[in-house]
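Trainee: To be precise about what I am sending: the file is called run-v2.pdb and holds PDB, C-alpha atoms.
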```pdb
MODEL        1
ATOM      1  CA  MET U 582     -13.598  36.463  41.379  1.00  0.00           C
ATOM      2  CA  ASN U 583     -10.263  38.125  41.609  1.00  0.00           C
ATOM      3  CA  ILE U 584      -8.147  38.842  38.541  1.00  0.00           C
ATOM      4  CA  THR U 585      -5.482  36.247  39.390  1.00  0.00           C
ATOM      5  CA  LEU U 586      -8.050  33.452  39.527  1.00  0.00           C
ATOM      6  CA  LYS U 587      -9.539  34.566  36.180  1.00  0.00           C
ATOM      7  CA  ARG U 588      -6.095  34.547  34.551  1.00  0.00           C
ATOM      8  CA  THR U 589      -5.401  31.080  35.952  1.00  0.00           C
ATOM      9  CA  ILE U 590      -8.700  29.751  34.567  1.00  0.00           C
ATOM     10  CA  VAL U 591      -8.121  31.334  31.150  1.00  0.00           C
ATOM     11  CA  PHE U 592      -4.564  29.951  31.054  1.00  0.00           C
ATOM     12  CA  ALA U 593      -5.807  26.468  32.024  1.00  0.00           C
ATOM     13  CA  ILE U 594      -8.473  26.517  29.291  1.00  0.00           C
ATOM     14  CA  LEU U 595      -5.956  27.634  26.662  1.00  0.00           C
ATOM     15  CA  ALA U 596      -3.490  24.972  27.781  1.00  0.00           C
ATOM     16  CA  ILE U 597      -6.147  22.247  27.505  1.00  0.00           C
ATOM     17  CA  LEU U 598      -7.210  23.476  24.054  1.00  0.00           C
ATOM     18  CA  GLY U 599      -3.584  23.646  22.903  1.00  0.00           C
ATOM     19  CA  VAL U 600      -2.891  20.078  23.997  1.00  0.00           C
ATOM     20  CA  GLY U 601      -6.146  18.914  22.419  1.00  0.00           C
ATOM     21  CA  PHE U 602      -5.407  20.481  19.048  1.00  0.00           C
ATOM     22  CA  SER U 603      -1.768  19.381  18.942  1.00  0.00           C
ATOM     23  CA  SER U 604      -2.548  15.756  19.786  1.00  0.00           C
ATOM     24  CA  THR U 605      -5.153  15.461  17.031  1.00  0.00           C
ATOM     25  CA  GLY U 606      -2.938  16.952  14.328  1.00  0.00           C
ATOM     26  CA  CYS U 607      -3.093  15.606  10.804  1.00  0.00           C
ATOM     27  CA  ARG U 608      -0.413  13.186   9.718  1.00  0.00           C
ATOM     28  CA  LYS U 609      -0.061  12.825   5.982  1.00  0.00           C
ATOM     29  CA  LYS U 610       0.103   9.189   5.044  1.00  0.00           C
ATOM     30  CA  LYS U 611       3.079   8.014   3.029  1.00  0.00           C
ATOM     31  CA  ASP U 612       2.797   6.161  -0.280  1.00  0.00           C
ATOM     32  CA  THR U 613       1.889   2.472  -0.247  1.00  0.00           C
ATOM     33  CA  ILE U 614       3.477   1.021  -3.385  1.00  0.00           C
ATOM     34  CA  ALA U 615       4.009  -2.481  -4.804  1.00  0.00           C
ATOM     35  CA  ILE U 616       6.673  -3.056  -7.460  1.00  0.00           C
ATOM     36  CA  ILE U 617       6.833  -6.331  -9.374  1.00  0.00           C
ATOM     37  CA  TYR U 618       9.977  -7.138 -11.350  1.00  0.00           C
ATOM     38  CA  VAL U 619       9.496  -9.607 -14.195  1.00  0.00           C
ATOM     39  CA  ARG U 620      12.491 -11.690 -15.314  1.00  0.00           C
ATOM     40  CA  ASP U 621      12.878 -14.442 -17.870  1.00  0.00           C
ATOM     41  CA  ALA U 622      14.669 -17.789 -17.501  1.00  0.00           C
ATOM     42  CA  ALA U 623      17.977 -16.059 -18.365  1.00  0.00           C
ATOM     43  CA  ASN U 624      17.390 -13.642 -15.432  1.00  0.00           C
ATOM     44  CA  GLN U 625      16.882 -10.720 -17.847  1.00  0.00           C
ATOM     45  CA  LEU U 626      14.280  -8.071 -17.023  1.00  0.00           C
ATOM     46  CA  VAL U 627      11.256  -8.285 -19.335  1.00  0.00           C
ATOM     47  CA  SER U 628       9.625  -5.108 -20.633  1.00  0.00           C
ATOM     48  CA  GLY U 629       6.055  -5.133 -21.905  1.00  0.00           C
ATOM     49  CA  ALA U 630       4.942  -8.046 -19.688  1.00  0.00           C
ATOM     50  CA  GLN U 631       1.379  -7.981 -18.389  1.00  0.00           C
ATOM     51  CA  VAL U 632       1.234  -8.144 -14.587  1.00  0.00           C
ATOM     52  CA  VAL U 633      -1.960  -8.847 -12.663  1.00  0.00           C
ATOM     53  CA  LEU U 634      -2.322  -8.457  -8.882  1.00  0.00           C
ATOM     54  CA  TYR U 635      -5.425  -9.879  -7.238  1.00  0.00           C
ATOM     55  CA  GLY U 636      -6.734 -10.940  -3.877  1.00  0.00           C
ATOM     56  CA  GLN U 637      -8.223 -14.334  -3.209  1.00  0.00           C
ATOM     57  CA  SER U 638     -10.971 -15.145  -0.732  1.00  0.00           C
ATOM     58  CA  THR U 639      -9.802 -17.111   2.311  1.00  0.00           C
ATOM     59  CA  THR U 640     -13.246 -17.808   3.743  1.00  0.00           C
ATOM     60  CA  THR U 641     -15.051 -21.140   3.452  1.00  0.00           C
ATOM     61  CA  GLN U 642     -17.743 -19.413   1.408  1.00  0.00           C
ATOM     62  CA  PRO U 643     -15.752 -17.644  -1.323  1.00  0.00           C
ATOM     63  CA  SER U 644     -16.688 -14.041  -1.929  1.00  0.00           C
ATOM     64  CA  ASN U 645     -15.942 -11.631  -4.741  1.00  0.00           C
ATOM     65  CA  VAL U 646     -12.373 -10.439  -5.131  1.00  0.00           C
ATOM     66  CA  VAL U 647     -12.062  -6.891  -3.843  1.00  0.00           C
ATOM     67  CA  LEU U 648      -8.554  -6.076  -5.093  1.00  0.00           C
ATOM     68  CA  TYR U 649      -7.733  -6.614  -8.755  1.00  0.00           C
ATOM     69  CA  ASP U 650      -5.306  -4.499 -10.776  1.00  0.00           C
ATOM     70  CA  THR U 651      -3.272  -4.954 -13.917  1.00  0.00           C
ATOM     71  CA  THR U 652      -0.501  -3.055 -15.664  1.00  0.00           C
ATOM     72  CA  THR U 653       2.416  -3.589 -18.030  1.00  0.00           C
ATOM     73  CA  THR U 654       6.098  -3.580 -17.121  1.00  0.00           C
ATOM     74  CA  ASN U 655       8.129  -0.570 -18.201  1.00  0.00           C
ATOM     75  CA  THR U 656      11.460  -0.655 -20.057  1.00  0.00           C
ATOM     76  CA  SER U 657      13.170  -1.547 -16.757  1.00  0.00           C
ATOM     77  CA  GLY U 658      10.989  -4.655 -16.357  1.00  0.00           C
ATOM     78  CA  GLU U 659       9.017  -3.285 -13.416  1.00  0.00           C
ATOM     79  CA  ALA U 660       5.298  -2.944 -12.878  1.00  0.00           C
ATOM     80  CA  LYS U 661       4.310  -0.339 -10.295  1.00  0.00           C
ATOM     81  CA  PHE U 662       1.041  -0.436  -8.359  1.00  0.00           C
ATOM     82  CA  ASN U 663      -0.173   2.329  -6.038  1.00  0.00           C
ATOM     83  CA  PHE U 664      -2.332   1.313  -3.055  1.00  0.00           C
ATOM     84  CA  ASN U 665      -2.802   4.768  -1.500  1.00  0.00           C
ATOM     85  CA  ASP U 666      -6.569   4.514  -2.049  1.00  0.00           C
ATOM     86  CA  VAL U 667      -6.719   1.077  -0.409  1.00  0.00           C
ATOM     87  CA  TYR U 668      -4.649   1.802   2.710  1.00  0.00           C
ATOM     88  CA  GLN U 669      -6.174   3.968   5.438  1.00  0.00           C
ATOM     89  CA  LEU U 670      -4.188   5.432   8.353  1.00  0.00           C
ATOM     90  CA  GLY U 671      -4.327   3.160  11.374  1.00  0.00           C
ATOM     91  CA  GLN U 672      -4.967   0.055   9.301  1.00  0.00           C
ATOM     92  CA  ALA U 673      -2.745  -2.915  10.163  1.00  0.00           C
ATOM     93  CA  GLY U 674      -1.288  -4.214   6.908  1.00  0.00           C
ATOM     94  CA  VAL U 675      -2.725  -3.786   3.440  1.00  0.00           C
ATOM     95  CA  ALA U 676      -2.994  -7.059   1.525  1.00  0.00           C
ATOM     96  CA  VAL U 677      -1.411 -10.321   0.486  1.00  0.00           C
ATOM     97  CA  LEU U 678      -1.940 -10.615  -3.255  1.00  0.00           C
ATOM     98  CA  ASN U 679      -1.374 -13.188  -5.968  1.00  0.00           C
ATOM     99  CA  ILE U 680       0.783 -12.169  -8.919  1.00  0.00           C
ATOM    100  CA  GLU U 681       0.398 -13.407 -12.487  1.00  0.00           C
ATOM    101  CA  ALA U 682       2.848 -12.224 -15.128  1.00  0.00           C
ATOM    102  CA  SER U 683       2.920 -13.085 -18.820  1.00  0.00           C
ATOM    103  CA  ALA U 684       4.778 -12.074 -21.973  1.00  0.00           C
ATOM    104  CA  SER U 685       5.399 -13.694 -25.357  1.00  0.00           C
ATOM    105  CA  GLY U 686       3.608 -16.916 -24.405  1.00  0.00           C
ATOM    106  CA  LEU U 687       5.582 -17.270 -21.166  1.00  0.00           C
ATOM    107  CA  SER U 688       4.022 -16.939 -17.723  1.00  0.00           C
ATOM    108  CA  GLY U 689       4.881 -16.963 -14.051  1.00  0.00           C
ATOM    109  CA  GLU U 690       3.207 -16.609 -10.673  1.00  0.00           C
ATOM    110  CA  GLY U 691       4.050 -15.314  -7.221  1.00  0.00           C
ATOM    111  CA  ILE U 692       2.722 -13.717  -4.061  1.00  0.00           C
ATOM    112  CA  ILE U 693       3.407 -10.292  -2.560  1.00  0.00           C
ATOM    113  CA  LYS U 694       2.654  -8.922   0.882  1.00  0.00           C
ATOM    114  CA  VAL U 695       1.862  -5.229   0.494  1.00  0.00           C
ATOM    115  CA  GLU U 696       2.946  -3.326   3.618  1.00  0.00           C
ATOM    116  CA  GLN U 697       1.501   0.011   4.666  1.00  0.00           C
ATOM    117  CA  GLU U 698       3.308   3.247   3.837  1.00  0.00           C
ATOM    118  CA  THR U 699       6.288   1.564   2.200  1.00  0.00           C
ATOM    119  CA  THR U 700       7.400   0.139  -1.143  1.00  0.00           C
ATOM    120  CA  SER U 701       6.962  -3.635  -1.258  1.00  0.00           C
ATOM    121  CA  GLU U 702       8.903  -5.463  -3.979  1.00  0.00           C
ATOM    122  CA  GLU U 703       8.719  -8.937  -5.485  1.00  0.00           C
ATOM    123  CA  THR U 704      10.268 -10.685  -8.507  1.00  0.00           C
ATOM    124  CA  VAL U 705       8.400 -13.093 -10.777  1.00  0.00           C
ATOM    125  CA  PHE U 706      10.171 -15.361 -13.246  1.00  0.00           C
ATOM    126  CA  ILE U 707       8.339 -16.226 -16.449  1.00  0.00           C
ATOM    127  CA  GLN U 708       9.121 -19.443 -18.293  1.00  0.00           C
TER     128      GLN U 708
ENDMDL
END
```
Mind converting the file's structure to structure tokens?
Mentor:
Amino acid sequence: MNITLKRTIVFAILAILGVGFSSTGCRKKKDTIAIIYVRDAANQLVSGAQVVLYGQSTTTQPSNVVLYDTTTTNTSGEAKFNFNDVYQLGQAGVAVLNIEASASGLSGEGIIKVEQETTSEETVFIQ
């Protein structure tokens, strides 16, 4: 083999390896967050409200709920949930979850669609 042919083969192999490594590069996934705002009948934000997010089976033979999380609203009346452990890169969507909020004997319900790699927000009114 002549030297020019060897250089061409080596260059071709390096080019193929370079394209292979660059196309399989790691992409860091962004945060998948759900924020629930809790308001009272006077439209005031409620701090200290308990907020529960949970999935519900949609099959004819109900199965156990996989997603269930609870937290308390902060002084700004928001409850923040992080779904980074639930969402995997390449997954289409994350979840549609029921919301239950309660404080001082008042309660309210809602639904939130949690989207991948974004902050999904919903407001629940307690009465």
Trainee: What does the PyMOL selection byres ((chain U and resi 654-670) around 12) select in this file, as a PyMOL selection string?
Mentor: chain U and resi 607-621+624-635+647-653+671-676+678+680-684+693+695-707
Trainee: Mind pulling up the distance from atom CA of U:Gln708 to atom CA of U:Gly686?
Mentor: 8.6 Å
Trainee: Interatomic distance between atom CA of U:Ala622 and atom CA of U:Lys694?
Mentor: 23.7 Å
